[in-house]
>>> print(open('run_35.pdb').read())   # PDB, C-alpha atoms
ATOM      1  CA  ASN C   1       0.585  13.137  10.258
ATOM      2  CA  LEU C   2      -1.106   9.881   9.239
ATOM      3  CA  ILE C   3      -0.237   8.158  12.520
ATOM      4  CA  ALA C   4      -1.534  11.114  14.513
ATOM      5  CA  HIS C   5      -4.819  11.051  12.609
ATOM      6  CA  ILE C   6      -5.317   7.340  13.357
ATOM      7  CA  LEU C   7      -4.387   7.799  17.017
ATOM      8  CA  GLU C   8      -7.102  10.435  17.317
ATOM      9  CA  LYS C   9      -9.781   8.153  15.853
ATOM     10  CA  PRO C  10     -11.703   5.942  18.304
ATOM     11  CA  ASN C  11     -11.660   2.168  17.742
ATOM     12  CA  ALA C  12      -9.007   2.441  15.028
ATOM     13  CA  ASP C  13      -5.583   0.788  14.997
ATOM     14  CA  PHE C  14      -2.681   0.825  12.570
ATOM     15  CA  LEU C  15       0.248  -1.359  11.558
ATOM     16  CA  ILE C  16       2.664   0.619   9.388
ATOM     17  CA  ARG C  17       6.145  -0.229   8.152
ATOM     18  CA  ILE C  18       8.585   2.556   8.998
ATOM     19  CA  LYS C  19      12.152   3.406   8.081
ATOM     20  CA  GLN C  20      14.978   2.003  10.170
ATOM     21  CA  ASN C  21      18.119   3.392   8.543
ATOM     22  CA  ARG C  22      19.663   6.849   8.760
ATOM     23  CA  SER C  23      16.463   8.475   7.514
ATOM     24  CA  ALA C  24      14.405   6.954  10.337
ATOM     25  CA  MET C  25      12.887   9.092  13.057
ATOM     26  CA  ARG C  26      15.267   9.841  15.896
ATOM     27  CA  GLU C  27      13.632   7.650  18.531
ATOM     28  CA  VAL C  28      13.588   4.639  16.196
ATOM     29  CA  ALA C  29      17.198   5.154  15.074
ATOM     30  CA  LYS C  30      18.324   4.886  18.703
ATOM     31  CA  LEU C  31      16.942   1.350  19.045
ATOM     32  CA  PRO C  32      19.335  -1.600  18.601
ATOM     33  CA  MET C  33      19.118  -3.549  15.357
ATOM     34  CA  CYS C  34      17.705  -6.732  16.847
ATOM     35  CA  GLU C  35      14.344  -8.353  17.505
ATOM     36  CA  LEU C  36      12.414  -6.135  19.907
ATOM     37  CA  ASP C  37       8.971  -5.057  21.051
ATOM     38  CA  CYS C  38       8.769  -1.783  22.966
ATOM     39  CA  ASN C  39       6.869   1.470  23.324
ATOM     40  CA  ILE C  40       8.338   4.834  22.389
ATOM     41  CA  GLY C  41       7.156   8.332  23.114
ATOM     42  CA  PHE C  42       8.182  11.731  21.810
ATOM     43  CA  THR C  43       6.808  15.183  21.140
ATOM     44  CA  ILE C  44       6.525  16.797  17.724
ATOM     45  CA  THR C  45       6.761  20.533  17.260
ATOM     46  CA  THR C  46       6.592  22.808  14.252
ATOM     47  CA  THR C  47       8.645  25.547  15.916
ATOM     48  CA  GLN C  48      12.300  25.805  16.928
ATOM     49  CA  THR C  49      12.258  27.825  20.117
ATOM     50  CA  ASN C  50      14.854  27.468  22.844
ATOM     51  CA  ALA C  51      12.268  25.696  24.994
ATOM     52  CA  ASP C  52      11.616  23.179  22.222
ATOM     53  CA  LYS C  53      15.330  22.454  21.903
ATOM     54  CA  ALA C  54      15.755  22.157  25.670
ATOM     55  CA  ASN C  55      12.916  19.622  25.840
ATOM     56  CA  HIS C  56      14.406  17.667  22.895
ATOM     57  CA  TYR C  57      11.260  17.937  20.828
ATOM     58  CA  ILE C  58      11.320  16.546  17.292
ATOM     59  CA  HIS C  59      11.042  19.414  14.844
ATOM     60  CA  LEU C  60       8.796  18.853  11.849
ATOM     61  CA  GLN C  61       9.279  21.203   8.935
ATOM     62  CA  VAL C  62       5.908  22.367   7.682
ATOM     63  CA  PRO C  63       5.583  24.446   4.495
ATOM     64  CA  LYS C  64       4.456  27.926   5.439
ATOM     65  CA  LYS C  65       2.342  29.809   2.926
ATOM     66  CA  SER C  66       0.579  33.063   3.493
ATOM     67  CA  LYS C  67      -2.421  31.769   1.573
ATOM     68  CA  SER C  68      -3.256  28.205   0.605
ATOM     69  CA  GLY C  69      -3.997  27.399  -3.011
ATOM     70  CA  SER C  70      -7.480  26.631  -4.279
ATOM     71  CA  LYS C  71      -6.635  22.926  -4.602
ATOM     72  CA  THR C  72      -5.022  22.585  -1.159
ATOM     73  CA  ARG C  73      -7.113  20.239   0.973
ATOM     74  CA  ARG C  74      -4.915  19.576   3.978
ATOM     75  CA  GLY C  75      -1.555  20.545   5.345
ATOM     76  CA  ARG C  76       1.343  18.350   6.214
ATOM     77  CA  TRP C  77       0.653  18.685   9.937
ATOM     78  CA  ASP C  78      -2.954  19.060  11.086
ATOM     79  CA  PHE C  79      -2.453  19.120  14.860
ATOM     80  CA  PRO C  80      -1.321  21.670  17.443
ATOM     81  CA  SER C  81       2.299  22.181  18.364
ATOM     82  CA  PRO C  82       3.757  20.691  20.516
ATOM     83  CA  TYR C  83       1.993  17.352  20.080
ATOM     84  CA  PRO C  84       2.922  14.260  22.172
ATOM     85  CA  MET C  85       2.842  10.870  20.472
ATOM     86  CA  ARG C  86       3.232   7.378  21.865
ATOM     87  CA  PHE C  87       2.976   4.049  20.061
ATOM     88  CA  ARG C  88       4.515   0.601  19.870
ATOM     89  CA  ILE C  89       7.581  -0.406  17.843
ATOM     90  CA  CYS C  90       8.074  -4.017  16.744
ATOM     91  CA  ARG C  91      11.175  -5.267  14.963
ATOM     92  CA  PHE C  92      11.511  -8.829  13.714
ATOM     93  CA  PRO C  93      13.832 -10.742  11.350
ATOM     94  CA  LEU C  94      12.814 -11.752   7.836
ATOM     95  CA  ASP C  95      13.656 -14.983   6.061
ATOM     96  CA  ASN C  96      16.637 -13.352   4.320
ATOM     97  CA  GLY C  97      18.212 -12.317   7.647
ATOM     98  CA  GLU C  98      17.290  -8.639   7.421
ATOM     99  CA  PHE C  99      15.055  -6.866   9.928
ATOM    100  CA  GLU C 100      11.719  -5.170   9.385
ATOM    101  CA  THR C 101      10.416  -2.433  11.673
ATOM    102  CA  VAL C 102       6.736  -1.606  12.078
ATOM    103  CA  ALA C 103       4.846   0.915  14.184
ATOM    104  CA  THR C 104       1.507  -0.115  15.616
ATOM    105  CA  SER C 105      -1.155   0.904  18.088
ATOM    106  CA  LEU C 106      -2.225  -2.674  18.803
ATOM    107  CA  PRO C 107      -2.232  -3.650  22.506
ATOM    108  CA  PRO C 108       0.297  -6.067  24.065
ATOM    109  CA  SER C 109      -2.270  -8.867  23.764
ATOM    110  CA  PHE C 110      -1.047  -9.067  20.156
ATOM    111  CA  THR C 111       2.277 -10.853  20.468
ATOM    112  CA  LEU C 112       5.257 -10.267  18.204
ATOM    113  CA  GLU C 113       4.326 -13.403  16.289
ATOM    114  CA  ASP C 114       0.822 -12.014  15.760
ATOM    115  CA  ILE C 115       2.329  -8.772  14.467
ATOM    116  CA  LYS C 116       4.460 -10.717  11.985
ATOM    117  CA  ASN C 117       1.420 -12.617  10.710
ATOM    118  CA  LEU C 118      -0.575  -9.395  10.348
ATOM    119  CA  TYR C 119       2.317  -7.766   8.497
ATOM    120  CA  HIS C 120       2.450 -10.730   6.137
ATOM    121  CA  LEU C 121      -1.199 -10.140   5.212
ATOM    122  CA  ARG C 122      -0.180  -6.879   3.551
ATOM    123  CA  TRP C 123       1.112  -8.841   0.557
ATOM    124  CA  GLY C 124      -2.376  -9.346  -0.830
ATOM    125  CA  ILE C 125      -3.012  -5.605  -0.576
ATOM    126  CA  GLU C 126       0.274  -4.756  -2.309
ATOM    127  CA  THR C 127      -0.382  -7.163  -5.179
ATOM    128  CA  SER C 128      -3.853  -5.653  -5.587
ATOM    129  CA  PHE C 129      -2.342  -2.180  -5.913
ATOM    130  CA  ARG C 130       0.139  -3.593  -8.433
ATOM    131  CA  ASP C 131      -2.762  -4.914 -10.515
ATOM    132  CA  LEU C 132      -4.510  -1.555 -10.279
ATOM    133  CA  LYS C 133      -1.411   0.337 -11.413
ATOM    134  CA  TYR C 134      -0.103  -1.880 -14.185
ATOM    135  CA  THR C 135      -2.780  -4.387 -15.225
ATOM    136  CA  LEU C 136      -5.514  -1.748 -15.301
ATOM    137  CA  GLY C 137      -3.223   1.083 -16.445
ATOM    138  CA  LEU C 138      -3.670   3.326 -13.411
ATOM    139  CA  VAL C 139       0.049   4.021 -13.066
ATOM    140  CA  ASN C 140      -0.456   7.044 -15.345
ATOM    141  CA  LEU C 141      -3.644   9.073 -15.427
ATOM    142  CA  HIS C 142      -5.019  10.140 -18.787
ATOM    143  CA  GLY C 143      -7.035  13.168 -17.677
ATOM    144  CA  LYS C 144      -5.664  16.520 -16.573
ATOM    145  CA  SER C 145      -8.600  17.808 -14.527
ATOM    146  CA  ASP C 146      -9.543  16.579 -11.062
ATOM    147  CA  ALA C 147     -12.930  15.351 -12.302
ATOM    148  CA  PHE C 148     -11.386  13.233 -15.066
ATOM    149  CA  ALA C 149      -8.757  11.813 -12.695
ATOM    150  CA  GLU C 150     -11.430  10.855 -10.156
ATOM    151  CA  GLN C 151     -13.557   9.306 -12.887
ATOM    152  CA  GLU C 152     -10.623   7.222 -14.135
ATOM    153  CA  ILE C 153      -9.751   5.999 -10.644
ATOM    154  CA  TYR C 154     -13.310   4.868  -9.920
ATOM    155  CA  ALA C 155     -13.582   3.249 -13.352
ATOM    156  CA  SER C 156     -10.414   1.242 -12.685
ATOM    157  CA  LEU C 157     -11.663   0.236  -9.237
ATOM    158  CA  THR C 158     -14.961  -0.915 -10.746
ATOM    159  CA  ALA C 159     -13.171  -2.961 -13.410
ATOM    160  CA  PHE C 160     -10.856  -4.440 -10.767
ATOM    161  CA  ASN C 161     -13.753  -5.475  -8.526
ATOM    162  CA  PHE C 162     -15.699  -6.922 -11.459
ATOM    163  CA  ALA C 163     -12.747  -8.982 -12.700
ATOM    164  CA  SER C 164     -11.908 -10.159  -9.171
ATOM    165  CA  ARG C 165     -15.495 -11.265  -8.584
ATOM    166  CA  VAL C 166     -15.580 -13.175 -11.858
ATOM    167  CA  CYS C 167     -12.211 -14.847 -11.199
ATOM    168  CA  ARG C 168     -13.460 -16.038  -7.831
ATOM    169  CA  ASP C 169     -16.114 -18.176  -9.546
ATOM    170  CA  VAL C 170     -13.894 -19.562 -12.303
ATOM    171  CA  VAL C 171     -13.179 -23.276 -11.878
ATOM    172  CA  ILE C 172      -9.545 -24.246 -12.490
ATOM    173  CA  HIS C 173      -8.884 -27.949 -13.079
ATOM    174  CA  GLN C 174      -5.641 -28.772 -11.286
ATOM    175  CA  PRO C 175      -3.291 -31.377 -12.829
ATOM    176  CA  THR C 176      -3.024 -34.586 -10.818
ATOM    177  CA  ASP C 177       0.690 -35.102 -11.485
ATOM    178  CA  GLY C 178       1.812 -31.480 -11.750
ATOM    179  CA  VAL C 179       4.500 -29.787  -9.693
ATOM    180  CA  TYR C 180       2.521 -26.598  -9.038
ATOM    181  CA  ALA C 181      -1.056 -25.648  -8.448
ATOM    182  CA  TYR C 182      -2.513 -23.135 -10.879
ATOM    183  CA  LYS C 183      -4.580 -19.981 -10.585
ATOM    184  CA  VAL C 184      -6.258 -17.550 -12.965
ATOM    185  CA  ASN C 185      -4.027 -15.206 -14.960
ATOM    186  CA  PHE C 186      -5.524 -11.955 -13.682
ATOM    187  CA  LYS C 187      -4.043  -9.852 -16.469
ATOM    188  CA  MET C 188      -5.772 -11.905 -19.147
ATOM    189  CA  ALA C 189      -8.926 -12.025 -17.037
ATOM    190  CA  VAL C 190      -9.089  -8.217 -16.969
ATOM    191  CA  THR C 191      -8.654  -8.074 -20.753
ATOM    192  CA  LEU C 192     -11.459 -10.594 -21.287
ATOM    193  CA  CYS C 193     -13.736  -8.816 -18.803
ATOM    194  CA  LYS C 194     -13.230  -5.500 -20.595
ATOM    195  CA  GLU C 195     -14.129  -7.129 -23.890
ATOM    196  CA  PHE C 196     -17.180  -8.689 -22.233
ATOM    197  CA  ILE C 197     -18.386  -5.277 -21.032
ATOM    198  CA  ARG C 198     -17.869  -3.717 -24.466
ATOM    199  CA  THR C 199     -19.819  -6.498 -26.247
ATOM    200  CA  PRO C 200     -23.609  -6.265 -25.770
ATOM    201  CA  THR C 201     -24.194  -9.855 -26.973
ATOM    202  CA  ALA C 202     -21.413 -11.413 -24.880
ATOM    203  CA  ASP C 203     -22.078 -14.683 -23.081
ATOM    204  CA  GLY C 204     -21.184 -14.930 -19.399
ATOM    205  CA  LYS C 205     -20.640 -18.687 -19.537
ATOM    206  CA  LYS C 206     -18.182 -18.324 -22.406
ATOM    207  CA  LEU C 207     -16.375 -15.596 -20.444
ATOM    208  CA  MET C 208     -15.817 -18.015 -17.560
ATOM    209  CA  GLU C 209     -14.569 -20.701 -19.944
ATOM    210  CA  ASP C 210     -12.187 -18.301 -21.680
ATOM    211  CA  ILE C 211     -10.726 -17.079 -18.384
ATOM    212  CA  ALA C 212     -10.172 -20.670 -17.239
ATOM    213  CA  ARG C 213      -7.960 -21.248 -20.289
ATOM    214  CA  TYR C 214      -5.349 -18.744 -19.075
ATOM    215  CA  THR C 215      -3.617 -19.845 -15.888
ATOM    216  CA  VAL C 216      -0.297 -19.268 -14.136
ATOM    217  CA  PRO C 217       1.486 -21.537 -11.635
ATOM    218  CA  ILE C 218       1.516 -20.709  -7.938
ATOM    219  CA  ARG C 219       5.120 -20.639  -6.711
ATOM    220  CA  PRO C 220       5.135 -20.200  -2.920
ATOM    221  CA  GLY C 221       8.172 -18.550  -1.385
ATOM    222  CA  ARG C 222       9.352 -17.138  -4.692
ATOM    223  CA  GLN C 223      11.686 -14.144  -4.331
ATOM    224  CA  ASP C 224      13.296 -11.920  -6.921
ATOM    225  CA  GLN C 225      15.597  -8.932  -6.700
ATOM    226  CA  ARG C 226      13.751  -5.709  -7.452
ATOM    227  CA  ASP C 227      15.007  -3.929 -10.546
ATOM    228  CA  LEU C 228      14.820  -0.283  -9.521
ATOM    229  CA  ARG C 229      15.156   2.049 -12.476
ATOM    230  CA  VAL C 230      14.575   5.742 -12.925
ATOM    231  CA  LYS C 231      11.496   6.288 -15.072
ATOM    232  CA  GLY C 232      10.847   9.428 -17.030
ATOM    233  CA  PHE C 233       7.585  11.301 -17.278
ATOM    234  CA  PRO C 234       5.431   9.903 -20.119
ATOM    235  CA  GLY C 235       3.583  12.564 -22.054
ATOM    236  CA  PHE C 236      -0.181  12.403 -22.401
ATOM    237  CA  VAL C 237       0.143  11.638 -26.118
ATOM    238  CA  TYR C 238       2.151   8.471 -25.429
ATOM    239  CA  ARG C 239       0.068   7.031 -22.609
ATOM    240  CA  VAL C 240      -1.726   3.808 -23.432
ATOM    241  CA  ALA C 241      -5.467   3.987 -22.910
ATOM    242  CA  ALA C 242      -7.183   1.285 -20.884
TER
END
>>> encode(input="run_35.pdb", output="structure tokens")
Amino acid sequence: NLIAHILEKPNADFLIRIKQNRSAMREVAKLPMCELDCNIGFTITTTQTNADKANHYIHLQVPKKSKSGSKTRRGRWDFPSPYPMRFRICRFPLDNGEFETVATSLPPSFTLEDIKNLYHLRWGIETSFRDLKYTLGLVNLHGKSDAFAEQEIYASLTAFNFASRVCRDVVIHQPTDGVYAYKVNFKMAVTLCKEFIRTPTADGKKLMEDIARYTVPIRPGRQDQRDLRVKGFPGFVYRVAA
């Protein structure tokens, strides 16, 4: 549904990582597990008629409700059925030997190497979302109503932008004989920025000096195995306020 929405928008392109194992879409699962760059096309349908099966359409299960709820904004599929789709599939190897598969609408003038570089740029976006979720406490909302949830999201975004802007102007003195270069510890910077906002008589110069005291080394190419654990639902009473 997301890809179809972007395809319908003029002057808009996408580069999205997609599944490549057994849960991948049928047309992608048929491709060999090797480096490739090709176009695929298929037709999505929300029905299962004999004509749809004869044409080998991809059936998309859409929840059918006689009446949408008051909080329902959009359905899972917002386009007519059948709906033809066509986009580009790029698959390239990673440093660990595994393959990554992305779908894109970029033209062939973007080579496979360009696609890899663009995909690598996502890391800054992912780390920003990590800071929003954990550093700023947005992983769990503290309000039950839509208005409170929206207010909390915008408050966290404002705090994130403020702390990021301040960190950009902080001067870090790099050691001349050190092994690593150093950057601002963003978690401590957010804590200091929150305290700065709460204190009417706070000094901006002292804020910059305090942030510069907390640094972390930059370790390029660092990799760590993800520790995936099942997390329970934290009750509202036990959620830590920002």
>>> residues_around(input="run_35.pdb", residues="region 98-100 of chain C", least_positions_apart="2", cutoff="9 Å", atoms="all atoms listed in the file", output="PyMOL selection string")
chain C and resi 17-20+33-35+90-96+102
>>> resolve_selection(input="run_35.pdb", expression="the PyMOL selection byres ((chain C and resi 46) around 12)", output="ChimeraX atom specification")
/C:43-45,47-49,52-53,57-64,76-83
>>> write_last_selection(input="run_35.pdb", atoms="C-alpha atoms", output="tab-separated table (two decimals), in the frame of the given file")
chain	number	residue	atom	x	y	z
C	43	THR	CA	6.81	15.18	21.14
C	44	ILE	CA	6.52	16.80	17.72
C	45	THR	CA	6.76	20.53	17.26
C	47	THR	CA	8.64	25.55	15.92
C	48	GLN	CA	12.30	25.80	16.93
C	49	THR	CA	12.26	27.82	20.12
C	52	ASP	CA	11.62	23.18	22.22
C	53	LYS	CA	15.33	22.45	21.90
C	57	TYR	CA	11.26	17.94	20.83
C	58	ILE	CA	11.32	16.55	17.29
C	59	HIS	CA	11.04	19.41	14.84
C	60	LEU	CA	8.80	18.85	11.85
C	61	GLN	CA	9.28	21.20	8.94
C	62	VAL	CA	5.91	22.37	7.68
C	63	PRO	CA	5.58	24.45	4.50
C	64	LYS	CA	4.46	27.93	5.44
C	76	ARG	CA	1.34	18.35	6.21
C	77	TRP	CA	0.65	18.68	9.94
C	78	ASP	CA	-2.95	19.06	11.09
C	79	PHE	CA	-2.45	19.12	14.86
C	80	PRO	CA	-1.32	21.67	17.44
C	81	SER	CA	2.30	22.18	18.36
C	82	PRO	CA	3.76	20.69	20.52
C	83	TYR	CA	1.99	17.35	20.08
>>> residues_around(input="run_35.pdb", residues="region 149-152 of chain C", least_positions_apart="6", cutoff="10 Å", atoms="all atoms listed in the file", output="VMD selection string")
chain C and resid 137 to 138 140 to 143 158 242
>>> closest_residue(input="run_35.pdb", among="C:Ile153, C:Gly124, C:Ser164, C:Phe14", to="Pro107 (chain C)", atoms="all atoms listed in the file")
C:Phe14
>>> closest_residue(input="run_35.pdb", among="C:Asp37, C:Lys205, C:Lys144, C:His120", to="Gly235 (chain C)", atoms="only C-alpha atoms")
C:Lys144
